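A.B. asks: Sharing a structure, written as structure tokens. Questions coming.
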Amino acid sequence: MTEAVQASGSLRNRLAITLIGGAAILAVLLFFLVRSYAAQIAQQGQDRILGASATSILDAASIRDGVIEVDIPYAAFSMLGTASDDRVFYAIYQDDRLLSGYPGLSLPDADLDGNGPFRTVEFEGADVRRVTASRTLIGADVRTVVSVSVAQTKDALAGTLNRISRNAALFGVGFFALAALLSFWATSTTIGQLMRLTNSVTRRGPQDLSPFAKPVPSEMVPLVSSLNNLMGRLDQSLSQSEDFIAEAAHRVRTPLATVRSHAEATLQRVGKEENRQALRSMVRAIDESSRAAGQLLDHAMITFRADHLERQDIDLVELVRDLVVRLTPVAEMKDIALILSGDKTAPFSGDPILLQNAFRNAIDNALKYAPSESSIEISVSTSPETSVKICDQGAGFPPDEIDNLATRFARGPNSDGIIGSGLGLTIVRDVAAAHGGTMTLRNTPGGGACVILSF
Amino acid sequence: MKFLLVEDNQDLANAISSRMQLDGHVIDHAAKIQDAIAFSETGEYDLILLDIMLPDGDGRSFLKRHRDGKMDTPVIVLTARSQVSDRIGMLDLGADDYVTKPFDHAELQARCRAVLRRKAGKSQTVMKVGDVVFDPVAGQLTVNGEVVVLRNRELRLLELLISAPGQIFPKGKLVDRLFSYDDDVSENAVEVYIGRIRKHLEGSSVRITTHRGLGYRLEHD
């Protein structure tokens with residue numbers, strides 16, 4: 001009855017992918033940021049030492065007798081010592097002439113674009129960091145410029161950077177893992193709200209069309225309120241059609257009752273046999289139409305309820321006993337005894353309205369076909385399986401027809417003169433099937449028909 | 001017996017009343033819940049027959065009020081619905097039984113009798129004819145101090161005959177009383193039951209006489 005809804009994408013996946021993808025991008029960004037910031041700081045450290053070294057060399061430069069003298073202090077190179085045995089290069093120029101050190105380390109070319117005195121250059125096959133500083137020395141009638149370049153390979157720095165990169169990468173992966181976990185959690189709690197709503201819709205009984213009262217997250221309020229609206233309208237139209245059926249039944253059955261009562265009263269007064277015969281067939285026709293209408297309605301209701309079976313914990317014995325009490329006056333009219341036997345109690349999970357209707361139809365059937373002053377035995381047993389057996393002492397089912405009797409509107413050949421719609425056993429069978437059981441028709445050896453419902 | 005019939009359809013009410021009066025019952029008719037309340041508060045009834053759909057409200061509200069007011073007059077609901085759930089709801093509200101319209105008067109009588117029997121004791125109509133005591137509610141006949149429990153058809157047959165001693169009842173009428181309209185029985189079927197009642201009445205001052213071609217009559221000394 002319910003059509004499969006087409007699914008287009010999944011909110012959960014979309015949300016999870018967005019969150020996890022975002023986390024991955026953030027983690028990579030974080031990695032690069034941390035690494036470049038750390039590299040910058042490490043470079044600044046090296047630069048500062050290089051600068052200090054160059055300055056200390058320059059400080060040691062002086063002019064004596066017009067000659068430049070540079071006494072390179074020990075500290076100038078020792079301060080550059082590293083764990084990685086980095087190599088240190090230096091060059092001292094007077095004006096553009098190399099005084100001492102490695103030629104080609106630098107030409108103190110017109111210094112310096114915007115990058116300050118520090119530069120990373122290639123020297124002797126390695127990347128080195130180089131600083132260049134200069135100082136103007138003024139002696140007696142001499143004025144000269146001394147430039148000092150100090151450079152150092154970057155092995156220690158590279159080591160530090162590698163370490164930092166590794167840590168930053170670990171940090172990024174950790175961040176990503178945590179964020180992914182958080183996204184899964186966030187996704188499932190968010191979707192969980194939806195699932196909870198879905199569950200509470202699904203778990204509702206078919207009759208329950210009351211609005212949802214439980215608080216929901218504000219984003220779901222529009223959905224829930226339109227759901228409530230829809231159910232309100234459904235409830236209204238259902239109760240309208242229920243009212244309509246009740247009203248229609250009332251309108252049809254009340255005049256029928258009037259005709260029947262008048263016919264019966266007239267029958268009491270009329271003496272002429274042909275008039276009596278006419279009145280009798282009138283009453284019979286009324287009974288037939290009202291019974292058929294009743295069973296059609298019952299059958300419709302049973303089909304509806306069987307589609308949405310509402311199980312309750314009930315006692316089959318109690319249910320059948322109520323029914324026996326209810327039907328006893330009718331049975332007594334034919335001096336038929338209704339005998340309830342079997343177990344004292346039979347707990348069962350089922351729809352009491354459906355079950356009662358089924359048992360009533362089976363007993364009604366027995367009452368119709370059983371002879372006067374006989375008995376109908378109704379037994380409820382719980383082992384080996386839960387079953388209800390209704391046996392009369394009538395003529396039994398016609399053996400040829402026994403398999404077809406439960407088909408809709410089928411009536412046995414011995415039903416002449418007995419009012420019925422042919423829906424009775426169909427109802428019994430449908431109710432049994434709705435509860436996962438079966439209906440069996442059987443004739444007892446001593447004569448008589450048995451309807452057995454086993455679950 | 002005295003009945004209160006609460007039914008808004010005048011035609012149906014007339015039909016039920018005239019049918020019940022034929023059985024010798026007294027019937028008051030109320031067309032609205034208002035009237036029904038007034039009647040039930042002032043009159044002593046053996047039974048109330050209650051329609052559910054009434055112009056000034058739902059018969060169920062009358063039921064509830066009736067029960068809340070600790071009235072113990074039994075109520076049989078006349079319903080036009082055939083939904084079992086509705087029937088169960090009415091029994092929960094305190095109706096003693098229900099019949100679905102259109103109903104068989106014999107069934108209504110049987111239900112009335114069953115309800116009254118359950119409520120045993122209240123305003124029982126016991127009939128005395130000659131030296132025989134007949135209790136139609138309990139279905140008992142006392143002859144010479146001995147109590148006989150009658151079968152249902154014997155009971156209904158005797159009830160009719162004893163309601164008008166001296167009157168001849170044609171066989172056809174008796175058959176209609178004893179058998180449902182879909183039973184195809186011959187008029188002779190009634191003879192079996194006449195025979196049984198005669199047996200019960202043996203030794204009393206009451207007897208049933210056959211009037212060939214006319215029917216049966218209950219007589220007593």
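Every chain in the structure tokens takes a letter, A first, then B, and so on in the order presented; its residues are numbered from 1, and the ligands are numbered from 1 following the presented order.
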Considering only C-alpha atoms, extract the chain A residues located within 8 Å of chain B and return them as a PyMOL selection string.

C.D. replies: chain A and resi 246+249-250+253-262+264-265+267-268+280-281+283-284+286-287+290+294+297-298+301+326+329-330+332-335+353+357+417-419

A.B. asks: Keeping only C-alpha atoms, write those residues as a compact mmCIF listing (two decimals), in the first residue's frame.

C.D. replies:
# COMPACT_ATOMS: atom_id res chain seq x y z
CA ALA A 246 -22.52 5.84 11.12
CA ALA A 249 -26.04 3.08 8.63
CA HIS A 250 -28.45 4.88 10.95
CA ARG A 253 -31.19 0.66 9.34
CA THR A 254 -33.76 2.71 11.21
CA PRO A 255 -36.42 2.51 8.47
CA LEU A 256 -35.59 -1.18 8.00
CA ALA A 257 -36.18 -1.66 11.70
CA THR A 258 -39.47 0.18 11.36
CA VAL A 259 -40.59 -2.06 8.50
CA ARG A 260 -39.48 -5.17 10.32
CA SER A 261 -41.26 -4.26 13.54
CA HIS A 262 -44.43 -3.37 11.67
CA GLU A 264 -43.81 -8.64 12.84
CA ALA A 265 -46.66 -6.87 14.58
CA LEU A 267 -47.97 -10.96 11.38
CA GLN A 268 -49.32 -11.33 14.89
CA ARG A 280 -42.58 -13.64 6.49
CA SER A 281 -40.68 -13.24 3.25
CA VAL A 283 -38.97 -10.03 7.24
CA ARG A 284 -36.57 -12.50 5.70
CA ILE A 286 -34.94 -7.34 5.56
CA ASP A 287 -32.80 -9.66 7.64
CA SER A 290 -29.18 -5.90 6.96
CA GLY A 294 -23.35 -5.53 8.44
CA LEU A 297 -18.93 -3.26 6.85
CA ASP A 298 -17.33 -5.73 9.26
CA MET A 301 -13.17 -2.91 8.96
CA ARG A 326 -23.40 -12.35 24.76
CA PRO A 329 -29.76 -15.55 24.58
CA VAL A 330 -29.68 -16.14 20.82
CA GLU A 332 -31.29 -20.33 23.83
CA MET A 333 -33.92 -19.36 21.31
CA LYS A 334 -33.08 -22.58 19.52
CA ASP A 335 -32.44 -24.35 22.84
CA ILE A 353 -11.83 -6.56 18.18
CA ASN A 357 -15.45 -10.63 15.40
CA GLY A 417 -33.39 -20.99 3.70
CA ILE A 418 -30.64 -19.83 6.01
CA ILE A 419 -29.86 -16.15 5.98

A.B. asks: I want to know what sits within 9 Å of Ser61 of chain B, based on only C-alpha atoms, with residues of the same chain fewer than 4 positions away left out; could you give that as a list of chain:residue names?

C.D. replies: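 Surrounding residues, per the criterion: B:Ile33, B:Gly57, B:Arg65, B:His66, B:Leu93.
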
A.B. asks: Excluding Phe62 of chain B and any residue of its chain fewer than 2 positions from it, enumerate the residues within 12 Å of it, using only C-alpha atoms, and give them as a VMD selection string.

C.D. replies: chain B and resid 6 32 to 38 40 48 to 54 56 to 60 64 to 69 71 75 77 90 93 to 95

A.B. asks: Could those selected residues go to a file with N, CA and C atoms, as a compact mmCIF listing (two decimals), in the first residue's frame?

C.D. replies:
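Output below, filename part_33.txt:
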# COMPACT_ATOMS: atom_id res chain seq x y z
N VAL B 6 -36.46 4.86 24.31
CA VAL B 6 -35.90 6.16 23.94
C VAL B 6 -35.48 6.07 22.48
N LYS B 32 -36.50 12.29 23.13
CA LYS B 32 -35.28 13.06 23.37
C LYS B 32 -34.65 12.62 24.68
N ILE B 33 -33.36 12.94 24.80
CA ILE B 33 -32.67 12.60 26.04
C ILE B 33 -33.33 13.31 27.22
N GLN B 34 -33.69 14.58 27.00
CA GLN B 34 -34.36 15.36 28.04
C GLN B 34 -35.57 14.60 28.60
N ASP B 35 -36.42 14.16 27.66
CA ASP B 35 -37.64 13.45 28.08
C ASP B 35 -37.27 12.14 28.77
N ALA B 36 -36.26 11.47 28.21
CA ALA B 36 -35.86 10.18 28.76
C ALA B 36 -35.43 10.33 30.22
N ILE B 37 -34.68 11.41 30.49
CA ILE B 37 -34.23 11.64 31.86
C ILE B 37 -35.43 11.86 32.78
N ALA B 38 -36.36 12.69 32.29
CA ALA B 38 -37.54 12.98 33.10
C ALA B 38 -38.33 11.69 33.37
N SER B 40 -37.25 8.54 33.26
CA SER B 40 -36.56 7.53 34.05
C SER B 40 -36.47 7.95 35.51
N ILE B 48 -34.90 -0.31 30.04
CA ILE B 48 -34.87 0.85 29.14
C ILE B 48 -34.27 0.40 27.81
N LEU B 49 -34.97 0.72 26.72
CA LEU B 49 -34.44 0.47 25.38
C LEU B 49 -33.96 1.82 24.84
N LEU B 50 -32.67 1.91 24.52
CA LEU B 50 -32.08 3.22 24.24
C LEU B 50 -31.47 3.26 22.84
N ASP B 51 -31.93 4.22 22.05
CA ASP B 51 -31.31 4.49 20.75
C ASP B 51 -30.08 5.36 21.01
N ILE B 52 -29.09 5.26 20.11
CA ILE B 52 -27.85 6.00 20.37
C ILE B 52 -27.85 7.39 19.74
N MET B 53 -28.37 7.48 18.52
CA MET B 53 -28.37 8.79 17.86
C MET B 53 -29.68 9.51 18.15
N LEU B 54 -29.59 10.54 18.96
CA LEU B 54 -30.79 11.27 19.34
C LEU B 54 -30.62 12.74 18.99
N ASP B 56 -31.05 15.53 20.56
CA ASP B 56 -30.40 16.46 21.49
C ASP B 56 -29.17 15.84 22.15
N GLY B 57 -28.53 14.93 21.44
CA GLY B 57 -27.27 14.41 21.99
C GLY B 57 -27.10 12.93 21.71
N ASP B 58 -26.05 12.42 22.30
CA ASP B 58 -25.68 11.04 22.08
C ASP B 58 -26.29 10.20 23.20
N GLY B 59 -26.88 9.08 22.84
CA GLY B 59 -27.48 8.21 23.84
C GLY B 59 -26.48 7.78 24.90
N ARG B 60 -25.20 7.78 24.49
CA ARG B 60 -24.17 7.36 25.43
C ARG B 60 -24.07 8.31 26.63
N LYS B 64 -24.29 7.29 30.54
CA LYS B 64 -23.30 7.65 31.55
C LYS B 64 -24.00 8.32 32.73
N ARG B 65 -24.91 9.21 32.41
CA ARG B 65 -25.65 9.92 33.43
C ARG B 65 -26.49 8.95 34.27
N HIS B 66 -27.09 8.02 33.53
CA HIS B 66 -27.94 7.01 34.16
C HIS B 66 -27.13 6.19 35.17
N ARG B 67 -25.93 5.78 34.75
CA ARG B 67 -25.10 4.97 35.62
C ARG B 67 -24.51 5.79 36.76
N ASP B 68 -24.08 7.02 36.43
CA ASP B 68 -23.50 7.88 37.47
C ASP B 68 -24.54 8.19 38.54
N GLY B 69 -25.81 8.25 38.11
CA GLY B 69 -26.89 8.52 39.07
C GLY B 69 -27.29 7.27 39.84
N MET B 71 -28.55 4.57 38.95
CA MET B 71 -29.81 3.94 38.58
C MET B 71 -29.48 2.53 38.11
N VAL B 75 -30.29 -1.41 30.85
CA VAL B 75 -30.43 -0.68 29.59
C VAL B 75 -29.99 -1.59 28.46
N VAL B 77 -29.23 -1.27 24.47
CA VAL B 77 -29.04 -0.24 23.46
C VAL B 77 -29.51 -0.76 22.10
N MET B 90 -20.11 0.70 24.16
CA MET B 90 -21.38 0.90 24.85
C MET B 90 -21.51 0.01 26.08
N LEU B 93 -19.73 1.56 28.82
CA LEU B 93 -20.41 2.71 29.40
C LEU B 93 -21.57 2.31 30.30
N GLY B 94 -21.86 1.02 30.36
CA GLY B 94 -22.87 0.60 31.31
C GLY B 94 -24.15 0.08 30.70
N ALA B 95 -24.16 -0.11 29.37
CA ALA B 95 -25.33 -0.77 28.79
C ALA B 95 -25.24 -2.24 29.17

A.B. asks: Pick out the residues sitting within 12 Å of segment 200-209 of chain B, and hand them over as number ranges by chain; count only C-alpha atoms, and ignore anything fewer than 6 positions along from it in its own chain.

C.D. replies: B: 128-134, 140-151, 154-155, 157-158, 161-162, 165-169, 191, 193-194, 215-221

A.B. asks: Write out, as a compact mmCIF listing (two decimals), in the first residue's frame, the residues just selected, with N, CA and C atoms.

C.D. replies:
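Listed below is the output, selection-v3.txt:
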# COMPACT_ATOMS: atom_id res chain seq x y z
N LYS B 128 -49.79 -16.40 38.12
CA LYS B 128 -50.44 -17.52 38.79
C LYS B 128 -51.70 -17.87 38.03
N VAL B 129 -51.74 -19.08 37.54
CA VAL B 129 -52.95 -19.53 36.85
C VAL B 129 -53.35 -20.85 37.49
N GLY B 130 -54.58 -20.89 38.00
CA GLY B 130 -55.00 -22.09 38.70
C GLY B 130 -54.02 -22.38 39.82
N ASP B 131 -53.53 -23.61 39.88
CA ASP B 131 -52.57 -23.93 40.95
C ASP B 131 -51.14 -23.97 40.40
N VAL B 132 -50.95 -23.31 39.26
CA VAL B 132 -49.63 -23.29 38.64
C VAL B 132 -49.02 -21.89 38.76
N VAL B 133 -47.73 -21.88 39.13
CA VAL B 133 -47.03 -20.59 39.19
C VAL B 133 -45.98 -20.55 38.09
N PHE B 134 -46.04 -19.49 37.30
CA PHE B 134 -45.14 -19.38 36.15
C PHE B 134 -44.28 -18.13 36.29
N GLN B 140 -39.25 -20.67 34.92
CA GLN B 140 -39.61 -21.76 35.83
C GLN B 140 -41.12 -21.92 35.95
N LEU B 141 -41.51 -23.16 36.10
CA LEU B 141 -42.91 -23.48 36.27
C LEU B 141 -43.03 -24.30 37.56
N THR B 142 -43.92 -23.87 38.43
CA THR B 142 -44.09 -24.62 39.67
C THR B 142 -45.43 -25.34 39.65
N VAL B 143 -45.38 -26.63 39.63
CA VAL B 143 -46.59 -27.45 39.60
C VAL B 143 -46.58 -28.37 40.82
N ASN B 144 -47.62 -28.28 41.62
CA ASN B 144 -47.72 -29.10 42.83
C ASN B 144 -46.47 -28.98 43.69
N GLY B 145 -45.97 -27.75 43.79
CA GLY B 145 -44.80 -27.52 44.65
C GLY B 145 -43.50 -27.98 44.03
N GLU B 146 -43.56 -28.53 42.83
CA GLU B 146 -42.34 -29.00 42.19
C GLU B 146 -41.94 -28.01 41.09
N VAL B 147 -40.64 -27.66 41.10
CA VAL B 147 -40.18 -26.65 40.15
C VAL B 147 -39.64 -27.32 38.88
N VAL B 148 -40.15 -26.90 37.74
CA VAL B 148 -39.67 -27.41 36.45
C VAL B 148 -38.99 -26.25 35.72
N VAL B 149 -37.75 -26.52 35.24
CA VAL B 149 -37.10 -25.50 34.43
C VAL B 149 -37.43 -25.77 32.98
N LEU B 150 -38.04 -24.77 32.35
CA LEU B 150 -38.50 -24.96 30.97
C LEU B 150 -37.39 -24.69 29.97
N ARG B 151 -37.43 -25.41 28.87
CA ARG B 151 -36.57 -25.06 27.75
C ARG B 151 -37.10 -23.77 27.14
N GLU B 154 -40.30 -23.98 25.01
CA GLU B 154 -41.44 -24.30 25.88
C GLU B 154 -41.86 -23.04 26.63
N LEU B 155 -40.83 -22.33 27.11
CA LEU B 155 -41.08 -21.12 27.88
C LEU B 155 -41.83 -20.09 27.04
N LEU B 157 -43.58 -20.53 24.36
CA LEU B 157 -44.92 -21.01 23.99
C LEU B 157 -45.89 -20.83 25.15
N LEU B 158 -45.43 -21.23 26.32
CA LEU B 158 -46.30 -21.14 27.49
C LEU B 158 -46.60 -19.67 27.83
N LEU B 161 -49.39 -18.57 25.59
CA LEU B 161 -50.68 -19.18 25.91
C LEU B 161 -51.23 -18.67 27.24
N ILE B 162 -50.33 -18.49 28.19
CA ILE B 162 -50.77 -18.12 29.54
C ILE B 162 -51.15 -16.64 29.62
N PRO B 165 -55.48 -16.77 28.83
CA PRO B 165 -56.14 -18.06 29.03
C PRO B 165 -57.53 -18.02 28.40
N GLY B 166 -57.87 -19.11 27.77
CA GLY B 166 -59.18 -19.16 27.15
C GLY B 166 -59.19 -18.72 25.71
N GLN B 167 -58.12 -18.10 25.26
CA GLN B 167 -58.08 -17.65 23.87
C GLN B 167 -57.44 -18.73 23.01
N ILE B 168 -57.98 -18.92 21.81
CA ILE B 168 -57.41 -19.93 20.91
C ILE B 168 -56.32 -19.28 20.06
N PHE B 169 -55.12 -19.90 20.12
CA PHE B 169 -54.01 -19.41 19.29
C PHE B 169 -53.82 -20.34 18.10
N GLU B 191 -46.36 -29.06 17.62
CA GLU B 191 -47.00 -30.10 18.42
C GLU B 191 -46.06 -30.71 19.46
N TYR B 193 -43.76 -29.27 21.12
CA TYR B 193 -43.63 -28.42 22.30
C TYR B 193 -44.91 -28.40 23.12
N ILE B 194 -46.06 -28.45 22.41
CA ILE B 194 -47.33 -28.52 23.14
C ILE B 194 -47.34 -29.80 23.99
N GLY B 215 -56.61 -24.29 16.57
CA GLY B 215 -55.36 -24.08 17.30
C GLY B 215 -55.43 -24.63 18.70
N TYR B 216 -54.69 -23.97 19.59
CA TYR B 216 -54.62 -24.44 20.97
C TYR B 216 -55.12 -23.38 21.92
N ARG B 217 -55.53 -23.86 23.10
CA ARG B 217 -56.05 -22.94 24.10
C ARG B 217 -55.63 -23.43 25.47
N LEU B 218 -55.26 -22.47 26.34
CA LEU B 218 -54.92 -22.84 27.71
C LEU B 218 -56.16 -22.64 28.57
N GLU B 219 -56.51 -23.67 29.34
CA GLU B 219 -57.69 -23.58 30.19
C GLU B 219 -57.31 -24.00 31.61
N HIS B 220 -58.11 -23.52 32.57
CA HIS B 220 -57.89 -24.03 33.94
C HIS B 220 -59.22 -24.09 34.66
N ASP B 221 -59.25 -24.91 35.67
CA ASP B 221 -60.50 -25.09 36.41
C ASP B 221 -60.80 -23.89 37.28

A.B. asks: Suppose you want the space between atom CA of His299 of chain A and atom CA of Leu355 of chain A; what is it in Å?

C.D. replies: 12.6 Å

A.B. asks: What does the structure give for the distance between atom CA of Arg87 of chain A and atom CA of Ser100 of chain A, in Å to one decimal?

C.D. replies: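 Atom CA of Ser100 of chain A lies 17.0 Å from atom CA of Arg87 of chain A.
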
A.B. asks: Skipping near chain neighbours, those fewer than 4 positions away, what residues fall within 12 Å of Ala75 of chain A using only C-alpha atoms, listed as a ChimeraX atom specification?

C.D. replies: /A:49-50,52-57,60,71,79-81

A.B. asks: Keeping only N, CA and C atoms, write those residues as a tab-separated table (two decimals), in the first residue's frame.

C.D. replies:
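Dumped everything to part08.tsv:
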chain	number	residue	atom	x	y	z
A	49	ILE	N	72.38	35.37	15.21
A	49	ILE	CA	73.74	34.96	15.57
A	49	ILE	C	74.73	35.38	14.48
A	50	LEU	N	74.26	35.16	13.22
A	50	LEU	CA	75.13	35.57	12.10
A	50	LEU	C	75.43	37.07	12.17
A	52	ALA	N	75.35	38.99	14.83
A	52	ALA	CA	76.23	39.28	15.96
A	52	ALA	C	77.67	38.95	15.59
A	53	SER	N	77.84	37.81	14.88
A	53	SER	CA	79.17	37.39	14.49
A	53	SER	C	79.81	38.43	13.57
A	54	ALA	N	79.04	38.88	12.56
A	54	ALA	CA	79.56	39.87	11.63
A	54	ALA	C	79.91	41.16	12.34
A	55	THR	N	79.03	41.56	13.26
A	55	THR	CA	79.26	42.80	13.99
A	55	THR	C	80.54	42.71	14.83
A	56	SER	N	80.71	41.52	15.46
A	56	SER	CA	81.89	41.41	16.32
A	56	SER	C	83.17	41.47	15.48
A	57	ILE	N	83.12	40.93	14.24
A	57	ILE	CA	84.30	41.04	13.37
A	57	ILE	C	84.56	42.49	12.96
A	60	ALA	N	86.15	44.51	15.51
A	60	ALA	CA	87.57	44.28	15.72
A	60	ALA	C	88.43	44.95	14.64
A	71	ASP	N	91.39	41.84	13.64
A	71	ASP	CA	91.76	40.71	14.50
A	71	ASP	C	90.47	39.96	14.85
A	79	MET	N	80.54	31.29	18.40
A	79	MET	CA	79.11	31.46	18.67
A	79	MET	C	78.24	30.79	17.61
A	80	LEU	N	78.88	30.46	16.47
A	80	LEU	CA	78.11	29.83	15.39
A	80	LEU	C	78.13	28.30	15.46
A	81	GLY	N	78.78	27.79	16.53
A	81	GLY	CA	78.85	26.32	16.64
A	81	GLY	C	77.47	25.68	16.75
